[in-house]
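Take a look at the structure below.
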Amino acid sequence: MANLMSVGTAIFNILVYPGFLFLGVLSLVYEYADRIIYARLQNRVGPPWYQPVADLIKLLTKETVIPSEANNRLFRSIPTFAFAATAASFLYIPVWNNRSLLPFDGDLIVVMYFLTIPTLTFFLAGWYSSSLFAEIGGIRAMMQLFAYEVPFYMSLLGPAALAGTWSISGVSQFYREHPLLILINIPSLAVAIFSAQGKLERVPFDAPDAETEVVGGTFTEYSGRFLAMFRMMLGAEMVVVAALIAAVFSPFFIGGNAALGLFLFLIKVLAVVFLLALMRAALARFRLDQMVSFCWKVLTPVSLAQILLDLIIKGAL
Amino acid sequence: MSKMIVPLGPQHPALEEPESFTLMLEGERVAAATVALGYNHRGMEKAAESRTYVQNIYLLERICGICSHSHSTCYVQTVEALAGAEVPKRAQYIRALIGELERIHSHLLWLGIAGHEIGFMTLFMYAWKDREIVMDILEMLTGNRINYGMNMLGGVRRDITPEQGQKVLEALDALEERTEYYKNVILQEQTVAIRTLGVGRLSREDGLRLGATGPVLRAAGVVKDIRKDDPTEVYNELDFKVATDEHADVYGRTVVRVTELMESYHMIRQILRQIPDGPLSVKVPNRIPAGEAAARYEAPRGEDFHYTRSNGTDKPERVKVRAPTLANLAAITHMIDGGFLADVPIVIAAIDPCFSCTDRMVRVKDASSGRDDVWNWDKLRQYSIEWHKKRGQDLGYRI
Amino acid sequence: MTSLGKMVPYLFKMMMKKTDTVLYPSVEAKVPDKFRGSLKFCPEKCVGCKLCERVCPADAIVIEKIADKQYKAIVRMDKCIFCGQCVDTCNKDALENTAFFELASGDKASLEVEI
């Protein structure tokens, strides 16, 4: 009986809270937050609160057109892969306490691995669309992956090295015990925010789907519910990345009280989303070659120095 | 590396109007580029031949939505030259005032478009927000936001009152502050600088050889401005500098346009100070004496040219328009050759293109039979109606 | 000196300000007094000279005689370009521009109005 109960709880956890459904709702909420913050920074009224839902419903009701040249089966299944990878990575991120649903030592690496899959699916989606602009977009997404992935990993590894654990829950536990040490990781936070923009393909690193250059980029041929799936996935990815950055860089978890913990989680993710929206508003798009050299010449050395600094402090502690 | 051919246009998000650029890519680099024009030919010159001189003011004003005053002033100048009409000073000052306000709105619009092309939507939003200030002023002075309808043969249609002049001055203060901001902040923003510096270079020699005009040429350090070189209206009575820059790239073109904004504010203040009292127009007869005349005007995008030939009736025999974009088009392929694909939109946008204004006469010649008809307005219209009917687009309503 | 994020202080400042855009149909838009909007016709002033018909660049206006010294004007709002030349040309001030501009209609035939 107890066994059955725990299976039921596990299914509830995966499908509803804090799993799939919760992530879906969060992605809509934060998509709205992102859009309204962006609008207010531009002195605009911005969309009404139901706009992300309305967009989603509208896309779902639209006709789905699949190019006859495209590989039909892959074209249909790629958005699902992308969403599944994102949703899976969310299971390893702590929500209302400092313990994720399925914590184990090394889940930080696993989450980063999961977060690479969406970018790979962008490339495949572009490639199997058999459309010129989608192919260019896919190749650009791939080139960008090689640029931001290294600084993104390393910026998260710095704090983890100081904590001496590869588990997200362990990292947040460590910084909860030593809150002042988090100040050392501020350069790493900046690197993480910058490379997160690359991962989420937003301005200034949105070359793969820059509409003035490559029309819709990877998603040029996507329409209807498959595009809706991708849009949903992009929203979810933003939540996951923001939650990951929040978990690693801000240790102020309050265990025990679920409501307060959830509230603090939402605030922290909102703060990261605000930074992401601010960057989107304040910067112009980098050209791909400029983006690559910026990632390798600026972001990577900074995160390397951060790891070094963290290891030295670790030794001194 | 394998080569890829990318069609940029005629329908593409980077272009506001239809024009076809074919780019041959080597990776992200453009190895060769060609431009094909003619996607928005509206038969305006032909239509002008079947309308009276007065009706043509409004037709030719609609060549361009942004520099409408430039086209209508240029046309009106040719007709006034033919009729030998001496335009009153006050009317000339008002024309110059509207012309400079139009330049301000066009350059602010361009700044926003440039921001959009390099993915800087915030610049787009703020530049267009500031543009609303000058749009409101134009609406107040002329009765419309674009297609002001301010010109008439022999003068202008509306006077400006001292209260309106005061409002213009207030708006200018706000705009001047904003333009200073763009100069000090936007041009210093690093992401803007790296996307524009050294991009789309057009040297002084190439610019002159390819016949570029307007800010594109001035950004290469060539002092060439119709307002100085061939002053019409009251431009020889105003004190202003021709904005130039030595960068010869997209950054230089931005600097030139921002400097021109400052010059325009300066000029409008002078206009409002110096404007004399007097009549607004002189009478121009319906029938214009036979002859031909040409006029040049410094539109926001460069040199605008109009030619009118009269045969003594109330309709012109021939009207020829050369919009500034046509002069700059030849330079585009030169500027995008060897550049990055990502830079193509901003390089095209940097000439401030107005492709729809550019497309002029197309002569249809049947190669097999050698038939070479010239169509009149009615025939063209009939053809258009039938063309749409054949495609089931007839709304059952007379066109 | 160029640097990243030059606009950030200004963005924060504007975030606190009232938004510049409005939700148009629910917030009324204003136009200046001498706006060239929809036409108005005063039949008692019209003498039927049809000058307006002749100058109209868009063939949008037709003056019809309904009785002795009584005329009506039919305007094709879909063709009218709101240049106001007919208003300027009319010797008897029988035509004038109003500030009305919300003329959109789903039915093209309804744009042919008798004013």
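Starting from 1 in every chain, residues are counted up; chains themselves are A, B, ... following the order of the structure tokens, and ligands are numbered from 1 as listed.
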>> Going by DSSP on the backbone, which residues of region 11-115 of chain C come out as alpha helix (DSSP H)? List them as a VMD selection string.
In response: chain C and resid 11 to 16 51 to 55 85 to 89
Could you please take those selected residues and save N, CA and C atoms as a short mmCIF file (atom, residue, chain, number, x, y, z; two decimals), in the first residue's frame?
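Result written to result-v4.cif:
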data_model
loop_
_atom_site.label_atom_id
_atom_site.label_comp_id
_atom_site.auth_asym_id
_atom_site.auth_seq_id
_atom_site.Cartn_x
_atom_site.Cartn_y
_atom_site.Cartn_z
N LEU C 11 16.75 53.28 -19.45
CA LEU C 11 15.66 52.30 -19.46
C LEU C 11 15.01 52.21 -18.09
N PHE C 12 15.84 52.21 -17.04
CA PHE C 12 15.27 52.16 -15.69
C PHE C 12 14.42 53.39 -15.42
N LYS C 13 14.93 54.54 -15.90
CA LYS C 13 14.19 55.78 -15.69
C LYS C 13 12.83 55.71 -16.39
N MET C 14 12.83 55.22 -17.62
CA MET C 14 11.59 55.18 -18.38
C MET C 14 10.62 54.15 -17.82
N MET C 15 11.16 53.12 -17.16
CA MET C 15 10.31 52.07 -16.62
C MET C 15 9.38 52.64 -15.55
N MET C 16 9.87 53.68 -14.86
CA MET C 16 9.08 54.29 -13.80
C MET C 16 8.05 55.26 -14.36
N LEU C 51 -16.96 72.43 -59.86
CA LEU C 51 -15.50 72.62 -59.87
C LEU C 51 -14.81 71.53 -59.06
N CYS C 52 -15.45 71.16 -57.95
CA CYS C 52 -14.85 70.15 -57.08
C CYS C 52 -14.69 68.83 -57.83
N GLU C 53 -15.68 68.51 -58.64
CA GLU C 53 -15.61 67.28 -59.43
C GLU C 53 -14.40 67.30 -60.35
N ARG C 54 -14.18 68.49 -60.94
CA ARG C 54 -13.10 68.58 -61.92
C ARG C 54 -11.71 68.55 -61.30
N VAL C 55 -11.56 69.14 -60.13
CA VAL C 55 -10.21 69.17 -59.56
C VAL C 55 -9.87 67.89 -58.79
N GLN C 85 -8.46 69.35 -51.70
CA GLN C 85 -8.42 70.28 -52.83
C GLN C 85 -9.82 70.77 -53.17
N CYS C 86 -10.84 69.92 -53.05
CA CYS C 86 -12.21 70.33 -53.36
C CYS C 86 -12.65 71.45 -52.40
N VAL C 87 -12.23 71.32 -51.14
CA VAL C 87 -12.58 72.34 -50.15
C VAL C 87 -11.94 73.67 -50.52
N ASP C 88 -10.66 73.62 -50.94
CA ASP C 88 -9.97 74.84 -51.33
C ASP C 88 -10.57 75.45 -52.59
N THR C 89 -10.98 74.59 -53.52
CA THR C 89 -11.44 75.07 -54.81
C THR C 89 -12.83 75.70 -54.72
#
Using only C-alpha atoms and a distance of at most 9 Å, pull out the residues of chain A that contact chain B, as a short mmCIF file (atom, residue, chain, number, x, y, z; two decimals) with C-alpha atoms, in the first residue's frame.
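Wrote it out as iface-v2.cif, contents follow:
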data_model
loop_
_atom_site.label_atom_id
_atom_site.label_comp_id
_atom_site.auth_asym_id
_atom_site.auth_seq_id
_atom_site.Cartn_x
_atom_site.Cartn_y
_atom_site.Cartn_z
CA TYR A 38 10.54 44.32 -22.02
CA LEU A 41 11.59 49.18 -20.45
CA GLN A 42 10.56 50.50 -23.83
CA ASN A 43 7.87 52.70 -22.30
CA ARG A 44 5.10 50.64 -23.90
CA LEU A 132 17.20 27.41 -47.13
CA PHE A 133 16.60 29.84 -44.29
CA ILE A 136 21.16 28.57 -42.29
CA VAL A 203 19.02 39.28 -28.29
CA PRO A 204 22.00 39.91 -28.28
CA ASP A 206 19.65 35.60 -31.49
CA ALA A 207 21.50 35.18 -34.80
CA ALA A 210 17.13 36.84 -36.46
CA GLU A 211 14.15 37.64 -38.63
CA THR A 212 15.79 40.45 -40.57
CA GLU A 213 18.56 38.11 -41.71
CA VAL A 214 17.23 34.56 -41.93
CA VAL A 215 13.44 35.11 -41.72
CA ARG A 280 17.39 41.97 -24.46
CA ALA A 281 16.24 45.59 -24.28
CA ALA A 282 19.61 47.27 -23.83
CA LEU A 283 21.74 45.54 -26.47
CA ALA A 284 21.81 45.14 -30.22
CA ARG A 285 22.35 41.78 -31.87
CA PHE A 286 25.89 40.46 -32.17
CA ARG A 287 26.98 39.13 -35.52
CA LEU A 288 27.77 35.41 -35.33
CA GLN A 290 31.48 38.65 -33.06
#
>> Give me, as a VMD selection string, all polymer residues having an atom no more than 12 Å from region 66-76 of chain C, counting only C-alpha atoms and skipping those fewer than 3 positions away in the same chain.
In response: (chain B and resid 398 to 399) or (chain C and resid 38 to 50 52 to 53 56 58 to 63 79 to 82 86 94 to 95 103 108 to 115)
>> Within 9 Å of chain C, which residues belong to chain B? Use only C-alpha atoms and report them as a PyMOL selection string.
In response: chain B and resi 51-52+54-59+129+136+139-144+147-149+157+185-191+193+395+397
So that I can check the surroundings of Val321 (chain B), please list as a short mmCIF file (atom, residue, chain, number, x, y, z; two decimals) with N, CA and C atoms, in the first residue's frame every protein, DNA and RNA residue that reaches within 10 Å of it, counting only C-alpha atoms and ignoring chain neighbours fewer than 6 positions away.
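The result, stored in result-v8.cif:
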data_model
loop_
_atom_site.label_atom_id
_atom_site.label_comp_id
_atom_site.auth_asym_id
_atom_site.auth_seq_id
_atom_site.Cartn_x
_atom_site.Cartn_y
_atom_site.Cartn_z
N MET B 44 3.04 55.75 -62.30
CA MET B 44 2.71 57.11 -61.87
C MET B 44 3.00 58.15 -62.94
N GLU B 45 4.12 57.97 -63.65
CA GLU B 45 4.45 58.97 -64.66
C GLU B 45 3.41 58.96 -65.76
N LEU B 60 1.73 63.01 -57.36
CA LEU B 60 3.18 62.89 -57.22
C LEU B 60 3.61 62.99 -55.76
N ILE B 63 4.15 59.55 -54.39
CA ILE B 63 5.24 58.69 -54.84
C ILE B 63 5.87 58.06 -53.61
N HIS B 71 8.83 65.42 -53.03
CA HIS B 71 8.37 65.16 -54.40
C HIS B 71 7.40 66.23 -54.86
N CYS B 74 9.26 69.51 -55.51
CA CYS B 74 10.09 69.42 -56.70
C CYS B 74 9.23 69.56 -57.97
N TYR B 75 8.09 68.89 -57.97
CA TYR B 75 7.19 68.94 -59.12
C TYR B 75 6.62 70.35 -59.28
N ALA B 294 13.08 71.45 -65.33
CA ALA B 294 13.54 70.42 -64.40
C ALA B 294 13.86 71.08 -63.07
N ALA B 295 13.75 70.30 -62.01
CA ALA B 295 14.07 70.85 -60.69
C ALA B 295 14.75 69.78 -59.87
N ASP B 304 16.56 64.53 -55.26
CA ASP B 304 15.34 64.17 -55.98
C ASP B 304 15.29 65.03 -57.24
N PHE B 305 14.87 64.42 -58.35
CA PHE B 305 14.89 65.15 -59.62
C PHE B 305 13.54 64.99 -60.31
N HIS B 306 12.98 66.10 -60.75
CA HIS B 306 11.72 66.06 -61.49
C HIS B 306 11.88 66.82 -62.81
N TYR B 307 11.23 66.30 -63.83
CA TYR B 307 11.26 66.96 -65.13
C TYR B 307 9.83 67.00 -65.64
N THR B 308 9.40 68.14 -66.16
CA THR B 308 8.04 68.26 -66.69
C THR B 308 8.10 68.92 -68.05
N CYS B 357 9.32 54.05 -54.46
CA CYS B 357 9.42 55.35 -55.13
C CYS B 357 10.28 55.24 -56.37
N THR B 358 11.12 54.20 -56.40
CA THR B 358 12.17 54.10 -57.40
C THR B 358 11.67 53.57 -58.73
N ASP B 359 10.72 52.63 -58.65
CA ASP B 359 10.34 51.93 -59.87
C ASP B 359 9.60 52.85 -60.84
N ARG B 360 10.14 52.99 -62.02
CA ARG B 360 9.59 53.89 -63.01
C ARG B 360 9.16 53.13 -64.24
N MET B 361 9.26 53.74 -65.39
CA MET B 361 8.62 53.21 -66.58
C MET B 361 9.12 51.82 -66.97
#
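Straight-line separation from CA of Asn71 (chain A) to CA of Lys199 (chain A): 25.6 Å.
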> CA of Lys315 (chain B) and CA of Arg287 (chain B) are how many Å apart?
Replying inline: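 Spanning CA of Lys315 (chain B) to CA of Arg287 (chain B) is a straight-line distance of 7.6 Å.
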> Nearest to chain C: which of A:Phe194, A:Trp166, A:Phe226, A:Phe122 is it, counting only C-alpha atoms?
Replying inline: A:Phe194
>> Just to confirm, what's the straight-line distance from CA of Tyr53 (chain B) to CA of Gly38 (chain B) in Å (one decimal)?
In response: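 Atom-to-atom, CA of Tyr53 (chain B) and CA of Gly38 (chain B) are spaced 26.4 Å apart.
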> So which residues touch Arg76 (chain A) within 10 Å, counting only C-alpha atoms, skipping near sequence neighbours fewer than 3 positions away, as a ChimeraX atom specification?
Replying inline: /A:66,70-73,79-81,125,222,225-226
>> My list of candidates is B:Met262, B:Val347, B:Leu111, B:Ala330. Which is closest to Thr179 (chain B) when distances are computed with only C-alpha atoms?
In response: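 For Thr179 (chain B), the nearest of the candidates is B:Met262.
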